[in-house]
Amino acid sequence: MYILKRTTATDSDFEMLIQQLDADLAVRNGEEQAFFSQFNHLNNIKHVIVAYQDNKPIGCGAIKTYDADTMEVKRMFIIPEMRRQGIGLQLLMELEKWTSELGYAYTQLETGTMQPEAIRLYEKNGYTRIPNYDQYVGIENSVCFKKKMMKTNPDYLQVNKESWNKRTAVHIDSDFYNQAAFLQGETSLNNVELELLGDIKGKKILHLQCHFGQDTISLARLGAQVTGVDLSDKAVEVATELATKTGADATFIASDVYELPNVLNEQFDIVFTSYGTIGWLPDLDKWAKVISTFLKPQGRLVFVEFHPVVWMFDDDFQKVGYNYFKDEPIIETTEGTYADREADLQVTSVTWNHSLSEVMTSLLQNGLSIASFSEYDYSPYNCFNHTIQIEEKKFRIKHLGNNIPMLYALEAVKR
């Protein structure tokens, strides 16, 4: 029996197998191997599978992003004594499964004429030869293949709940959230939302997607009676402890936003939600229905969110990588977190992009009128790559300056 383990390119067993692979290729390809080696660095590989038998590593494979639709299969290898036992096929199938889970439509790869067993494996399993691509164009001994993936969408609630449980464990001790200052009375709210909220003393507020409760408690410190809701049970556990520690008039519920009407039966003066929330929800019409359900007549939604233009870019803000409008779910596995990019953490997430028109239409169609709307050319948080601080709590993408909107805020009133 053997097992397959998903891991990363820093895995020591993977690195050991890669050394054997490179030695094998050097024998097969001779002097030509120097050309191929320059394209086989591990820097951009984040998704690795290692096969084990009796705890001994016996094979490996990896995928890396080629473009928005395609993963490239890399570094497939089985140790010589374990070949012809179907392990290569199982590795390939697991890599394809992972590719589909991540939301990619295709896998493609390059192999060599000196690896006939690899060519047979790909041809037998639905791969079609394609013209050599990129650096392999014109290389006589290269053979390139491509295959369309079967679409599989994971249970987004379970995936995201696990993701946020893991993040919470890192976030509570991060400099980003600065718990020490917060416990001493510093607010976690920003001027944008404070100006929209106004005087909230004595108001009942429902805070959707509250994470581990800093903003919820900050609202309570301003005199409101606040109920915070979050999908992550770990975050709600931490938030409840924080409320007890600070003496805040805040309670917390672990619930999916869409299921909240089944577990809470109250109405509120204000529904509040902010910063990186709606991207975790597939259906904004259902979101707006929930908001309308919980608002009293003339109650207000106060909503601050990162601008959808931001989510169009790749992580380095070098190119447009995603659709402005809602499309297929974006399924990604990433390392670290916005609050600590160096954290020893790997999480998978399922998100959706939502245009401004989708946001506003969903509210208008569910009995809310837009009372105000503003856009801003900065983020109050240093949570993106390549930022520069222009003022206190104001960050922009350095090479984009003020050329893109990064934030928007709106107030809507229940009719």
# chains A, B, ... in the order shown; residues from 1 in each chain; ligands from 1
$ select_by_dssp --residues "segment 287-351 of chain A" --states "strand (DSSP E or B)" --output "PyMOL selection string"
chain A and resi 295-306+313+320+330-335+337+340+346-351
$ residues_around --residues "Lys319 of chain A" --least-positions-apart "6" --cutoff "12 Å" --atoms "only C-alpha atoms" --output "PyMOL selection string"
chain A and resi 67-68+309-313+400
$ write_last_selection --atoms "C-alpha atoms" --output "PDB file, in the first residue's frame"
ATOM      1  CA  ASP A  67      -2.184  31.163 -16.678  1.00  0.00           C
ATOM      2  CA  ALA A  68      -5.648  31.958 -15.315  1.00  0.00           C
ATOM      3  CA  VAL A 309     -11.208  46.712  -9.201  1.00  0.00           C
ATOM      4  CA  VAL A 310      -8.620  45.569  -6.628  1.00  0.00           C
ATOM      5  CA  TRP A 311      -9.771  41.968  -6.946  1.00  0.00           C
ATOM      6  CA  MET A 312      -9.289  42.006 -10.724  1.00  0.00           C
ATOM      7  CA  PHE A 313      -5.495  42.070 -10.341  1.00  0.00           C
ATOM      8  CA  LEU A 400      -0.272  52.244  -9.318  1.00  0.00           C
TER       9      LEU A 400
END
$ residues_around --residues "segment 183-195 of chain A" --least-positions-apart "4" --cutoff "12 Å" --atoms "only C-alpha atoms" --output "MDAnalysis selection string"
chainID A and resid 172 176:179 199:200 210 212:222 241:248 272:275 301:305 372:376 378:381 392:394 407:411
$ write_last_selection --atoms "N, CA and C atoms" --output "compact mmCIF listing (two decimals), in the first residue's frame"
# COMPACT_ATOMS: atom_id res chain seq x y z
N ILE A 172 -4.85 36.38 15.97
CA ILE A 172 -5.04 36.93 17.32
C ILE A 172 -3.74 37.41 17.94
N PHE A 176 -0.56 42.91 13.07
CA PHE A 176 -1.62 43.52 12.26
C PHE A 176 -2.82 43.88 13.13
N TYR A 177 -3.24 42.97 14.00
CA TYR A 177 -4.42 43.19 14.85
C TYR A 177 -4.08 43.82 16.20
N ASN A 178 -2.82 43.82 16.58
CA ASN A 178 -2.32 44.56 17.75
C ASN A 178 -3.26 44.44 18.95
N GLN A 179 -3.39 43.23 19.43
CA GLN A 179 -4.30 42.96 20.54
C GLN A 179 -3.96 43.77 21.80
N ASP A 199 -23.48 58.80 15.47
CA ASP A 199 -23.71 58.52 16.89
C ASP A 199 -24.53 57.24 17.01
N ILE A 200 -23.94 56.21 17.59
CA ILE A 200 -24.64 54.93 17.69
C ILE A 200 -24.99 54.56 19.13
N CYS A 210 -17.90 39.07 11.36
CA CYS A 210 -17.20 39.93 12.32
C CYS A 210 -15.79 39.45 12.66
N PHE A 212 -12.89 37.87 14.63
CA PHE A 212 -12.84 37.55 16.06
C PHE A 212 -13.21 38.74 16.95
N GLY A 213 -13.99 39.68 16.40
CA GLY A 213 -14.76 40.58 17.24
C GLY A 213 -14.18 41.93 17.59
N GLN A 214 -13.03 42.31 17.07
CA GLN A 214 -12.49 43.62 17.45
C GLN A 214 -13.43 44.75 17.05
N ASP A 215 -13.90 44.75 15.80
CA ASP A 215 -14.80 45.82 15.37
C ASP A 215 -16.13 45.77 16.14
N THR A 216 -16.62 44.57 16.41
CA THR A 216 -17.87 44.42 17.16
C THR A 216 -17.74 45.07 18.53
N ILE A 217 -16.64 44.78 19.20
CA ILE A 217 -16.41 45.34 20.54
C ILE A 217 -16.16 46.84 20.46
N SER A 218 -15.49 47.30 19.40
CA SER A 218 -15.29 48.74 19.22
C SER A 218 -16.62 49.46 19.06
N LEU A 219 -17.57 48.84 18.36
CA LEU A 219 -18.91 49.40 18.24
C LEU A 219 -19.60 49.46 19.61
N ALA A 220 -19.44 48.40 20.39
CA ALA A 220 -20.04 48.37 21.72
C ALA A 220 -19.43 49.44 22.63
N ARG A 221 -18.15 49.70 22.47
CA ARG A 221 -17.49 50.74 23.28
C ARG A 221 -18.06 52.13 22.98
N LEU A 222 -18.70 52.28 21.81
CA LEU A 222 -19.32 53.55 21.45
C LEU A 222 -20.76 53.64 21.96
N GLU A 241 -14.53 35.46 24.30
CA GLU A 241 -13.55 35.67 25.38
C GLU A 241 -13.14 37.14 25.46
N LEU A 242 -12.96 37.78 24.30
CA LEU A 242 -12.60 39.20 24.27
C LEU A 242 -13.70 40.07 24.87
N ALA A 243 -14.95 39.75 24.55
CA ALA A 243 -16.07 40.53 25.08
C ALA A 243 -16.12 40.43 26.60
N THR A 244 -15.88 39.23 27.11
CA THR A 244 -15.86 39.04 28.57
C THR A 244 -14.71 39.82 29.19
N LYS A 245 -13.56 39.76 28.56
CA LYS A 245 -12.37 40.42 29.09
C LYS A 245 -12.53 41.94 29.09
N THR A 246 -13.19 42.48 28.08
CA THR A 246 -13.33 43.94 27.96
C THR A 246 -14.61 44.47 28.59
N GLY A 247 -15.53 43.57 28.97
CA GLY A 247 -16.80 44.00 29.53
C GLY A 247 -17.71 44.65 28.50
N ALA A 248 -17.55 44.31 27.23
CA ALA A 248 -18.33 44.94 26.17
C ALA A 248 -19.73 44.34 26.08
N PHE A 272 -24.12 46.18 10.03
CA PHE A 272 -22.78 46.67 9.69
C PHE A 272 -21.94 45.51 9.17
N THR A 273 -21.18 45.75 8.11
CA THR A 273 -20.24 44.75 7.60
C THR A 273 -19.14 45.48 6.84
N SER A 274 -17.91 44.97 6.94
CA SER A 274 -16.80 45.76 6.38
C SER A 274 -15.58 44.92 6.04
N TYR A 275 -14.89 45.33 4.97
CA TYR A 275 -13.52 44.91 4.62
C TYR A 275 -13.38 43.40 4.39
N LEU A 301 -28.14 49.99 6.59
CA LEU A 301 -26.96 49.17 6.31
C LEU A 301 -25.78 50.12 6.18
N VAL A 302 -24.70 49.86 6.92
CA VAL A 302 -23.44 50.59 6.77
C VAL A 302 -22.42 49.57 6.28
N PHE A 303 -21.92 49.79 5.09
CA PHE A 303 -21.11 48.78 4.40
C PHE A 303 -19.87 49.43 3.81
N VAL A 304 -18.71 48.92 4.21
CA VAL A 304 -17.42 49.38 3.67
C VAL A 304 -16.69 48.16 3.15
N GLU A 305 -16.18 48.24 1.92
CA GLU A 305 -15.59 47.05 1.30
C GLU A 305 -14.45 47.45 0.36
N SER A 372 -26.08 56.84 0.35
CA SER A 372 -24.80 57.48 0.02
C SER A 372 -23.86 56.43 -0.53
N PHE A 373 -22.92 56.89 -1.34
CA PHE A 373 -21.93 56.00 -1.94
C PHE A 373 -20.65 56.80 -2.20
N SER A 374 -19.51 56.27 -1.77
CA SER A 374 -18.22 56.94 -1.97
C SER A 374 -17.15 55.93 -2.36
N GLU A 375 -16.16 56.37 -3.13
CA GLU A 375 -15.01 55.55 -3.50
C GLU A 375 -13.73 56.24 -3.01
N TYR A 376 -12.72 55.43 -2.69
CA TYR A 376 -11.48 55.96 -2.13
C TYR A 376 -10.29 55.34 -2.85
N TYR A 378 -7.35 54.59 -1.63
CA TYR A 378 -6.40 54.01 -0.68
C TYR A 378 -7.09 52.90 0.10
N SER A 379 -6.28 52.10 0.78
CA SER A 379 -6.77 51.11 1.74
C SER A 379 -6.33 51.54 3.13
N PRO A 380 -7.19 51.42 4.13
CA PRO A 380 -6.77 51.76 5.50
C PRO A 380 -5.88 50.69 6.12
N TYR A 381 -5.72 49.57 5.40
CA TYR A 381 -4.91 48.46 5.92
C TYR A 381 -3.76 48.14 4.96
N GLU A 392 -1.20 58.32 7.66
CA GLU A 392 -1.55 57.34 8.67
C GLU A 392 -2.81 56.59 8.24
N LYS A 393 -2.74 55.26 8.27
CA LYS A 393 -3.83 54.38 7.88
C LYS A 393 -4.30 54.59 6.43
N LYS A 394 -3.38 54.96 5.57
CA LYS A 394 -3.70 55.10 4.15
C LYS A 394 -2.57 54.47 3.34
N LEU A 407 -11.24 51.20 -2.37
CA LEU A 407 -12.22 51.06 -1.30
C LEU A 407 -13.52 51.73 -1.73
N TYR A 408 -14.65 51.23 -1.24
CA TYR A 408 -15.90 51.98 -1.40
C TYR A 408 -16.72 51.83 -0.13
N ALA A 409 -17.62 52.76 0.07
CA ALA A 409 -18.47 52.75 1.24
C ALA A 409 -19.86 53.19 0.84
N LEU A 410 -20.87 52.50 1.38
CA LEU A 410 -22.24 52.93 1.08
C LEU A 410 -23.11 52.79 2.31
N GLU A 411 -24.16 53.59 2.32
CA GLU A 411 -25.22 53.52 3.33
C GLU A 411 -26.52 53.28 2.59
$ atom_distance --atom1 "atom CA of Arg83 of chain A" --atom2 "atom CA of Thr10 of chain A"
24.5 Å
$ closest_residue --among "A:Tyr338, A:Trp352, A:Phe325, A:Phe294" --to "Thr277 of chain A" --atoms "only C-alpha atoms"
A:Trp352
$ residues_around --residues "Gln108 of chain A" --least-positions-apart "6" --cutoff "12 Å" --atoms "only C-alpha atoms" --output "PyMOL selection string"
chain A and resi 62-67+69-74+92+95-96+99+122+126-133+143-149
